[in-house]
>>> print(open('query_29.cif').read())   # mmCIF, N, CA and C atoms
data_work
#
loop_
_atom_site.label_atom_id
_atom_site.label_comp_id
_atom_site.auth_asym_id
_atom_site.auth_seq_id
_atom_site.Cartn_x
_atom_site.Cartn_y
_atom_site.Cartn_z
N MET D 1 -18.50 -8.92 30.21
CA MET D 1 -18.96 -7.75 29.49
C MET D 1 -18.38 -7.78 28.08
N THR D 2 -19.18 -7.40 27.10
CA THR D 2 -18.71 -7.33 25.72
C THR D 2 -18.92 -5.92 25.18
N ILE D 3 -18.19 -5.60 24.15
CA ILE D 3 -18.30 -4.29 23.52
C ILE D 3 -18.88 -4.49 22.13
N GLU D 4 -19.93 -3.76 21.83
CA GLU D 4 -20.55 -3.81 20.52
C GLU D 4 -20.48 -2.42 19.89
N PRO D 5 -19.62 -2.23 18.88
CA PRO D 5 -19.51 -0.91 18.26
C PRO D 5 -20.82 -0.51 17.59
N LEU D 6 -21.11 0.77 17.60
CA LEU D 6 -22.32 1.29 16.97
C LEU D 6 -21.98 1.94 15.64
N GLY D 7 -22.93 1.93 14.72
CA GLY D 7 -22.73 2.56 13.42
C GLY D 7 -21.65 1.86 12.62
N ALA D 8 -20.90 2.65 11.87
CA ALA D 8 -19.84 2.12 11.00
C ALA D 8 -18.50 2.15 11.73
N ARG D 9 -18.46 1.52 12.90
CA ARG D 9 -17.22 1.48 13.68
C ARG D 9 -16.77 0.04 13.87
N VAL D 10 -15.50 -0.13 14.15
CA VAL D 10 -14.94 -1.45 14.41
C VAL D 10 -14.16 -1.43 15.72
N LEU D 11 -14.12 -2.56 16.39
CA LEU D 11 -13.35 -2.75 17.61
C LEU D 11 -12.14 -3.59 17.24
N ILE D 12 -10.95 -3.05 17.52
CA ILE D 12 -9.71 -3.72 17.13
C ILE D 12 -8.83 -3.94 18.35
N ARG D 13 -8.25 -5.14 18.43
CA ARG D 13 -7.25 -5.44 19.46
C ARG D 13 -5.89 -5.25 18.81
N PRO D 14 -5.15 -4.21 19.22
CA PRO D 14 -3.85 -3.93 18.60
C PRO D 14 -2.85 -5.06 18.84
N ILE D 15 -2.02 -5.28 17.84
CA ILE D 15 -0.93 -6.26 17.95
C ILE D 15 0.33 -5.45 18.28
N GLU D 16 0.90 -5.74 19.41
CA GLU D 16 2.08 -5.01 19.87
C GLU D 16 3.31 -5.35 19.04
N GLN D 17 4.19 -4.37 18.93
CA GLN D 17 5.45 -4.53 18.21
C GLN D 17 6.37 -5.49 18.96
N GLU D 18 7.21 -6.16 18.23
CA GLU D 18 8.19 -7.07 18.84
C GLU D 18 9.09 -6.28 19.79
N THR D 19 9.54 -6.94 20.86
CA THR D 19 10.39 -6.28 21.83
C THR D 19 11.87 -6.36 21.47
N THR D 20 12.21 -7.20 20.49
CA THR D 20 13.60 -7.28 20.03
C THR D 20 13.65 -7.11 18.52
N THR D 21 14.72 -6.52 18.03
CA THR D 21 14.89 -6.35 16.60
C THR D 21 15.42 -7.64 16.00
N LYS D 22 15.50 -7.69 14.67
CA LYS D 22 16.01 -8.88 14.00
C LYS D 22 17.46 -9.16 14.36
N SER D 23 18.19 -8.08 14.70
CA SER D 23 19.59 -8.27 15.06
C SER D 23 19.78 -8.60 16.54
N GLY D 24 18.67 -8.67 17.32
CA GLY D 24 18.77 -9.08 18.71
C GLY D 24 18.78 -7.96 19.72
N ILE D 25 18.63 -6.72 19.27
CA ILE D 25 18.63 -5.60 20.20
C ILE D 25 17.26 -5.52 20.89
N ILE D 26 17.26 -5.42 22.22
CA ILE D 26 16.02 -5.35 22.98
C ILE D 26 15.59 -3.88 23.06
N LEU D 27 14.35 -3.62 22.64
CA LEU D 27 13.83 -2.26 22.64
C LEU D 27 13.14 -1.93 23.96
N PRO D 28 13.45 -0.76 24.55
CA PRO D 28 12.71 -0.35 25.75
C PRO D 28 11.31 0.13 25.35
N GLU D 29 10.41 0.21 26.32
CA GLU D 29 9.03 0.63 26.05
C GLU D 29 8.98 2.00 25.39
N THR D 30 9.88 2.92 25.75
CA THR D 30 9.85 4.27 25.20
C THR D 30 10.26 4.33 23.74
N ALA D 31 10.96 3.30 23.24
CA ALA D 31 11.42 3.30 21.85
C ALA D 31 10.43 2.64 20.91
N LYS D 32 9.42 1.98 21.46
CA LYS D 32 8.43 1.31 20.62
C LYS D 32 7.50 2.31 19.97
N GLU D 33 7.09 2.01 18.75
CA GLU D 33 6.11 2.84 18.07
C GLU D 33 4.72 2.35 18.41
N LYS D 34 3.74 3.24 18.22
CA LYS D 34 2.35 2.82 18.42
C LYS D 34 2.02 1.72 17.43
N PRO D 35 1.27 0.73 17.85
CA PRO D 35 0.91 -0.34 16.92
C PRO D 35 0.03 0.17 15.79
N GLN D 36 0.22 -0.39 14.61
CA GLN D 36 -0.59 -0.03 13.45
C GLN D 36 -1.28 -1.25 12.87
N GLN D 37 -1.12 -2.39 13.52
CA GLN D 37 -1.79 -3.60 13.08
C GLN D 37 -2.64 -4.13 14.22
N GLY D 38 -3.71 -4.82 13.84
CA GLY D 38 -4.57 -5.37 14.87
C GLY D 38 -5.51 -6.41 14.31
N ILE D 39 -6.27 -7.02 15.21
CA ILE D 39 -7.25 -8.03 14.88
C ILE D 39 -8.64 -7.44 15.14
N VAL D 40 -9.54 -7.58 14.17
CA VAL D 40 -10.91 -7.09 14.34
C VAL D 40 -11.61 -8.01 15.34
N GLU D 41 -12.10 -7.43 16.42
CA GLU D 41 -12.80 -8.19 17.46
C GLU D 41 -14.31 -8.08 17.32
N ALA D 42 -14.81 -6.95 16.78
CA ALA D 42 -16.25 -6.76 16.59
C ALA D 42 -16.47 -5.67 15.55
N VAL D 43 -17.58 -5.76 14.84
CA VAL D 43 -17.93 -4.74 13.85
C VAL D 43 -19.29 -4.16 14.20
N GLY D 44 -19.51 -2.92 13.78
CA GLY D 44 -20.78 -2.25 14.04
C GLY D 44 -21.86 -2.72 13.10
N ASP D 45 -22.80 -1.84 12.82
CA ASP D 45 -23.95 -2.14 11.98
C ASP D 45 -23.50 -2.43 10.56
N GLU D 46 -23.66 -3.68 10.13
CA GLU D 46 -23.17 -4.09 8.81
C GLU D 46 -23.87 -3.36 7.67
N GLU D 47 -25.09 -2.88 7.89
CA GLU D 47 -25.81 -2.14 6.86
C GLU D 47 -25.18 -0.77 6.61
N GLU D 48 -24.56 -0.20 7.64
CA GLU D 48 -23.91 1.10 7.51
C GLU D 48 -22.47 1.00 7.04
N MET D 49 -21.90 -0.19 7.12
CA MET D 49 -20.49 -0.37 6.77
C MET D 49 -20.32 -0.38 5.25
N MET D 50 -19.26 0.27 4.78
CA MET D 50 -18.95 0.31 3.35
C MET D 50 -18.00 -0.83 2.97
N THR D 51 -17.32 -1.40 3.94
CA THR D 51 -16.39 -2.49 3.68
C THR D 51 -16.95 -3.80 4.24
N ASP D 52 -16.33 -4.89 3.89
CA ASP D 52 -16.79 -6.19 4.38
C ASP D 52 -15.84 -6.75 5.43
N LEU D 53 -15.46 -5.92 6.40
CA LEU D 53 -14.62 -6.39 7.48
C LEU D 53 -15.39 -7.37 8.34
N SER D 54 -14.70 -8.39 8.83
CA SER D 54 -15.35 -9.35 9.70
C SER D 54 -14.43 -9.69 10.87
N VAL D 55 -15.01 -10.25 11.90
CA VAL D 55 -14.27 -10.61 13.10
C VAL D 55 -13.15 -11.58 12.72
N GLY D 56 -11.96 -11.32 13.24
CA GLY D 56 -10.81 -12.18 12.97
C GLY D 56 -9.89 -11.64 11.89
N ASP D 57 -10.34 -10.65 11.12
CA ASP D 57 -9.49 -10.06 10.08
C ASP D 57 -8.30 -9.36 10.72
N ARG D 58 -7.14 -9.51 10.10
CA ARG D 58 -5.94 -8.76 10.54
C ARG D 58 -5.86 -7.54 9.65
N VAL D 59 -5.79 -6.35 10.28
CA VAL D 59 -5.87 -5.10 9.53
C VAL D 59 -4.73 -4.15 9.86
N LEU D 60 -4.52 -3.22 8.97
CA LEU D 60 -3.57 -2.13 9.13
C LEU D 60 -4.39 -0.86 9.29
N PHE D 61 -4.07 -0.04 10.29
CA PHE D 61 -4.85 1.18 10.52
C PHE D 61 -3.94 2.37 10.74
N ALA D 62 -4.51 3.57 10.62
CA ALA D 62 -3.76 4.81 10.79
C ALA D 62 -3.16 4.86 12.20
N LYS D 63 -1.99 5.46 12.32
CA LYS D 63 -1.22 5.44 13.57
C LYS D 63 -1.93 6.10 14.75
N TYR D 64 -2.45 7.29 14.59
CA TYR D 64 -3.04 8.02 15.72
C TYR D 64 -4.54 8.17 15.51
N THR D 65 -5.25 7.07 15.49
CA THR D 65 -6.67 7.10 15.21
C THR D 65 -7.45 6.37 16.29
N GLY D 66 -8.72 6.64 16.35
CA GLY D 66 -9.61 5.91 17.25
C GLY D 66 -9.48 6.30 18.70
N ASN D 67 -10.27 5.63 19.51
CA ASN D 67 -10.29 5.84 20.96
C ASN D 67 -9.83 4.57 21.64
N GLN D 68 -8.80 4.70 22.48
CA GLN D 68 -8.27 3.54 23.18
C GLN D 68 -9.09 3.29 24.43
N ILE D 69 -9.44 2.02 24.65
CA ILE D 69 -10.15 1.63 25.85
C ILE D 69 -9.51 0.36 26.39
N GLN D 70 -9.83 0.04 27.63
CA GLN D 70 -9.32 -1.18 28.24
C GLN D 70 -10.49 -1.88 28.91
N LEU D 71 -10.64 -3.17 28.65
CA LEU D 71 -11.70 -3.98 29.25
C LEU D 71 -11.10 -5.28 29.72
N ASP D 72 -11.27 -5.58 30.99
CA ASP D 72 -10.72 -6.80 31.59
C ASP D 72 -9.22 -6.94 31.35
N GLY D 73 -8.50 -5.83 31.40
CA GLY D 73 -7.05 -5.84 31.25
C GLY D 73 -6.54 -5.95 29.83
N VAL D 74 -7.45 -5.93 28.85
CA VAL D 74 -7.06 -6.03 27.45
C VAL D 74 -7.28 -4.68 26.78
N ASP D 75 -6.29 -4.21 26.01
CA ASP D 75 -6.40 -2.94 25.31
C ASP D 75 -7.12 -3.13 23.98
N TYR D 76 -8.01 -2.18 23.65
CA TYR D 76 -8.74 -2.17 22.40
C TYR D 76 -8.74 -0.77 21.84
N ILE D 77 -9.04 -0.66 20.55
CA ILE D 77 -9.23 0.63 19.90
C ILE D 77 -10.57 0.56 19.16
N ILE D 78 -11.43 1.56 19.39
CA ILE D 78 -12.65 1.69 18.63
C ILE D 78 -12.42 2.80 17.62
N MET D 79 -12.65 2.49 16.33
CA MET D 79 -12.40 3.49 15.29
C MET D 79 -13.45 3.40 14.20
N ASP D 80 -13.55 4.47 13.42
CA ASP D 80 -14.41 4.45 12.25
C ASP D 80 -13.83 3.49 11.24
N GLU D 81 -14.69 2.85 10.47
CA GLU D 81 -14.19 1.88 9.49
C GLU D 81 -13.29 2.53 8.46
N GLY D 82 -13.46 3.83 8.20
CA GLY D 82 -12.63 4.53 7.24
C GLY D 82 -11.18 4.69 7.68
N ASP D 83 -10.93 4.51 8.98
CA ASP D 83 -9.56 4.60 9.49
C ASP D 83 -8.79 3.30 9.30
N VAL D 84 -9.48 2.24 8.89
CA VAL D 84 -8.82 0.98 8.57
C VAL D 84 -8.29 1.13 7.16
N LEU D 85 -6.97 1.00 7.00
CA LEU D 85 -6.33 1.25 5.71
C LEU D 85 -6.29 0.02 4.81
N ALA D 86 -6.12 -1.17 5.39
CA ALA D 86 -5.98 -2.37 4.57
C ALA D 86 -6.24 -3.61 5.41
N ARG D 87 -6.61 -4.68 4.74
CA ARG D 87 -6.71 -6.00 5.34
C ARG D 87 -5.42 -6.73 4.99
N LEU D 88 -4.80 -7.37 5.96
CA LEU D 88 -3.55 -8.09 5.74
C LEU D 88 -3.83 -9.56 5.53
N LYS D 89 -3.28 -10.11 4.46
CA LYS D 89 -3.46 -11.54 4.16
C LYS D 89 -2.11 -12.21 4.09
N GLU D 90 -2.07 -13.46 4.47
CA GLU D 90 -0.80 -14.20 4.44
C GLU D 90 -0.71 -15.03 3.19
#
>>> encode(input="query_29.cif", output="C-alpha coordinates")
Amino acid sequence: MTIEPLGARVLIRPIEQETTTKSGIILPETAKEKPQQGIVEAVGDEEEMMTDLSVGDRVLFAKYTGNQIQLDGVDYIIMDEGDVLARLKE
(Lines of atoms letter the chains of each structure in order from A and count residues from 1; the text may use other names and numbers.)
(Lines give C-alpha, C1' and ligand atoms only; values in the text may rest on other atoms or scores of the structure.)
Protein backbone atom coordinates (compact mmCIF):
# COMPACT_ATOMS: atom_id res chain seq x y z
CA MET A 1 0.00 0.00 0.00
CA THR A 2 1.24 3.51 -0.78
CA ILE A 3 0.14 6.92 0.41
CA GLU A 4 -0.45 9.70 -2.10
CA PRO A 5 -1.04 13.12 -0.50
CA LEU A 6 -3.83 15.20 -2.02
CA GLY A 7 -3.67 18.91 -2.83
CA ALA A 8 -0.72 20.91 -1.52
CA ARG A 9 0.32 18.36 1.09
CA VAL A 10 3.50 16.38 1.64
CA LEU A 11 4.21 13.02 3.26
CA ILE A 12 7.27 13.10 5.51
CA ARG A 13 9.11 10.33 7.32
CA PRO A 14 10.42 11.93 10.53
CA ILE A 15 14.07 11.48 11.46
CA GLU A 16 14.29 10.52 15.11
CA GLN A 17 16.60 12.33 17.51
CA GLU A 18 19.81 10.65 18.58
CA THR A 19 19.48 8.50 21.70
CA THR A 20 22.79 9.70 23.17
CA THR A 21 24.17 13.20 23.58
CA LYS A 22 27.59 14.29 22.33
CA SER A 23 28.93 13.79 25.85
CA GLY A 24 27.67 10.17 25.94
CA ILE A 25 24.57 10.56 28.09
CA ILE A 26 21.80 8.15 27.02
CA LEU A 27 18.41 9.87 26.76
CA PRO A 28 15.25 8.03 27.84
CA GLU A 29 12.22 8.11 25.51
CA THR A 30 10.46 10.65 27.76
CA ALA A 31 13.32 13.16 27.45
CA LYS A 32 13.38 13.16 23.65
CA GLU A 33 11.83 16.05 21.77
CA LYS A 34 9.44 15.59 18.88
CA PRO A 35 11.37 15.32 15.63
CA GLN A 36 11.51 18.44 13.49
CA GLN A 37 13.46 16.99 10.58
CA GLY A 38 12.37 14.47 8.02
CA ILE A 39 12.63 13.07 4.53
CA VAL A 40 9.96 13.86 1.93
CA GLU A 41 8.45 10.53 0.85
CA ALA A 42 5.67 11.86 -1.44
CA VAL A 43 4.24 15.17 -2.61
CA GLY A 44 0.69 16.11 -3.54
CA ASP A 45 -0.55 17.84 -6.67
CA GLU A 46 2.47 19.69 -8.07
CA GLU A 47 0.21 22.25 -9.78
CA GLU A 48 -1.18 23.32 -6.40
CA MET A 49 2.20 23.38 -4.67
CA MET A 50 3.90 26.75 -4.18
CA THR A 51 7.31 25.20 -3.47
CA ASP A 52 9.43 22.78 -5.47
CA LEU A 53 9.74 20.06 -2.85
CA SER A 54 10.58 16.65 -4.26
CA VAL A 55 10.88 13.11 -2.95
CA GLY A 56 14.12 12.60 -1.04
CA ASP A 57 14.48 16.19 0.17
CA ARG A 58 15.54 16.56 3.81
CA VAL A 59 13.36 19.22 5.42
CA LEU A 60 12.79 21.08 8.66
CA PHE A 61 9.17 21.43 9.78
CA ALA A 62 7.16 23.00 12.60
CA LYS A 63 7.22 20.97 15.83
CA TYR A 64 3.51 20.27 16.39
CA THR A 65 2.15 20.14 12.87
CA GLY A 66 0.47 17.67 10.57
CA ASN A 67 -1.25 14.37 11.18
CA GLN A 68 0.78 11.39 12.30
CA ILE A 69 0.01 8.06 10.68
CA GLN A 70 1.63 4.64 10.66
CA LEU A 71 1.80 2.32 7.65
CA ASP A 72 3.53 -1.07 7.72
CA GLY A 73 5.19 -0.17 11.03
CA VAL A 74 6.72 3.07 9.72
CA ASP A 75 5.71 6.46 11.15
CA TYR A 76 4.83 9.28 8.75
CA ILE A 77 3.46 12.81 9.00
CA ILE A 78 1.12 14.31 6.41
CA MET A 79 1.22 18.10 6.48
CA ASP A 80 0.44 21.16 4.40
CA GLU A 81 3.41 22.32 2.38
CA GLY A 82 3.30 25.64 4.26
CA ASP A 83 4.28 23.82 7.46
CA VAL A 84 7.62 22.89 5.90
CA LEU A 85 9.99 25.61 7.10
CA ALA A 86 13.17 24.87 5.16
CA ARG A 87 15.02 22.41 2.96
CA LEU A 88 18.26 21.17 4.54
CA LYS A 89 21.34 20.88 2.33
CA GLU A 90 24.73 19.44 3.17
>>> residues_around(input="query_29.cif", residues="Ile3 of chain D", least_positions_apart="5", cutoff="8 Å", atoms="all atoms listed in the file", output="PyMOL selection string")
chain D and resi 11+41-43
>>> closest_residue(input="query_29.cif", among="D:Ile26, D:Leu71, D:Arg13, D:Asp45", to="Met1 of chain D", atoms="all atoms listed in the file")
D:Leu71
>>> residues_near_point(input="query_29.cif", point="(-1.5, -11.6, 6.5)", cutoff="10 Å", atoms="only C-alpha atoms", output="list of chain:residue names")
D:Asp57, D:Arg58, D:Val59, D:Arg87, D:Leu88, D:Lys89, D:Glu90
>>> write_last_selection(input="query_29.cif", atoms="N, CA and C atoms", output="mmCIF file, keeping the file's coordinate frame")
data_model
loop_
_atom_site.group_PDB
_atom_site.id
_atom_site.type_symbol
_atom_site.label_atom_id
_atom_site.label_comp_id
_atom_site.auth_asym_id
_atom_site.auth_seq_id
_atom_site.Cartn_x
_atom_site.Cartn_y
_atom_site.Cartn_z
ATOM 1 N N ASP D 57 -10.340 -10.650 11.120
ATOM 2 C CA ASP D 57 -9.490 -10.060 10.080
ATOM 3 C C ASP D 57 -8.300 -9.360 10.720
ATOM 4 N N ARG D 58 -7.140 -9.510 10.100
ATOM 5 C CA ARG D 58 -5.940 -8.760 10.540
ATOM 6 C C ARG D 58 -5.860 -7.540 9.650
ATOM 7 N N VAL D 59 -5.790 -6.350 10.280
ATOM 8 C CA VAL D 59 -5.870 -5.100 9.530
ATOM 9 C C VAL D 59 -4.730 -4.150 9.860
ATOM 10 N N ARG D 87 -6.610 -4.680 4.740
ATOM 11 C CA ARG D 87 -6.710 -6.000 5.340
ATOM 12 C C ARG D 87 -5.420 -6.730 4.990
ATOM 13 N N LEU D 88 -4.800 -7.370 5.960
ATOM 14 C CA LEU D 88 -3.550 -8.090 5.740
ATOM 15 C C LEU D 88 -3.830 -9.560 5.530
ATOM 16 N N LYS D 89 -3.280 -10.110 4.460
ATOM 17 C CA LYS D 89 -3.460 -11.540 4.160
ATOM 18 C C LYS D 89 -2.110 -12.210 4.090
ATOM 19 N N GLU D 90 -2.070 -13.460 4.470
ATOM 20 C CA GLU D 90 -0.800 -14.200 4.440
ATOM 21 C C GLU D 90 -0.710 -15.030 3.190
#
>>> select_by_dssp(input="query_29.cif", residues="chain D", states="strand (DSSP E or B)", output="ChimeraX atom specification")
/D:9-14,20,26,37-43,58-61,67-71,74-80,84-88
>>> closest_residue(input="query_29.cif", among="D:Ala62, D:Ala86, D:Val55, D:Ile39", to="Pro14 of chain D", atoms="only C-alpha atoms")
D:Ile39
>>> atom_distance(input="query_29.cif", atom1="atom N of Gln70 of chain D", atom2="atom C of Ile25 of chain D")
28.5 Å
>>> atom_distance(input="query_29.cif", atom1="atom CA of Gly44 of chain D", atom2="atom CA of Gly73 of chain D")
22.3 Å
>>> atom_distance(input="query_29.cif", atom1="atom CA of Tyr76 of chain D", atom2="atom CA of Glu46 of chain D")
19.9 Å
>>> closest_residue(input="query_29.cif", among="D:Gly66, D:Glu48, D:Leu60, D:Thr2", to="Met79 of chain D", atoms="only N, CA and C atoms")
D:Gly66
>>> closest_residue(input="query_29.cif", among="D:Gly24, D:Val84, D:Ile12, D:Val40", to="Gly56 of chain D", atoms="only C-alpha atoms")
D:Val40
>>> resolve_selection(input="query_29.cif", expression="the PyMOL selection byres ((chain D and resi 80-82) around 5)", output="PyMOL selection string")
chain D and resi 8-10+78-79+83-84
>>> write_last_selection(input="query_29.cif", atoms="N, CA and C atoms", output="mmCIF file, in the coordinates of the input")
data_model
loop_
_atom_site.group_PDB
_atom_site.id
_atom_site.type_symbol
_atom_site.label_atom_id
_atom_site.label_comp_id
_atom_site.auth_asym_id
_atom_site.auth_seq_id
_atom_site.Cartn_x
_atom_site.Cartn_y
_atom_site.Cartn_z
ATOM 1 N N ALA D 8 -20.900 2.650 11.870
ATOM 2 C CA ALA D 8 -19.840 2.120 11.000
ATOM 3 C C ALA D 8 -18.500 2.150 11.730
ATOM 4 N N ARG D 9 -18.460 1.520 12.900
ATOM 5 C CA ARG D 9 -17.220 1.480 13.680
ATOM 6 C C ARG D 9 -16.770 0.040 13.870
ATOM 7 N N VAL D 10 -15.500 -0.130 14.150
ATOM 8 C CA VAL D 10 -14.940 -1.450 14.410
ATOM 9 C C VAL D 10 -14.160 -1.430 15.720
ATOM 10 N N ILE D 78 -11.430 1.560 19.390
ATOM 11 C CA ILE D 78 -12.650 1.690 18.630
ATOM 12 C C ILE D 78 -12.420 2.800 17.620
ATOM 13 N N MET D 79 -12.650 2.490 16.330
ATOM 14 C CA MET D 79 -12.400 3.490 15.290
ATOM 15 C C MET D 79 -13.450 3.400 14.200
ATOM 16 N N ASP D 83 -10.930 4.510 8.980
ATOM 17 C CA ASP D 83 -9.560 4.600 9.490
ATOM 18 C C ASP D 83 -8.790 3.300 9.300
ATOM 19 N N VAL D 84 -9.480 2.240 8.890
ATOM 20 C CA VAL D 84 -8.820 0.980 8.570
ATOM 21 C C VAL D 84 -8.290 1.130 7.160
#
>>> closest_residue(input="query_29.cif", among="D:Met49, D:Lys63, D:Thr20, D:Asp72", to="Gly7 of chain D", atoms="all atoms listed in the file")
D:Met49
>>> axis_aligned_box(input="query_29.cif", around="segment 69-75 of chain D", padding_each_side="6 Å", output="AutoDock Vina command-line options")
--center_x -9.0 --center_y -2.5 --center_z 27.8 --size_x 17.4 --size_y 21.0 --size_z 19.6
>>> closest_residue(input="query_29.cif", among="D:Gln37, D:Thr51, D:Asn67, D:Leu85", to="Pro5 of chain D", atoms="only C-alpha atoms")
D:Asn67
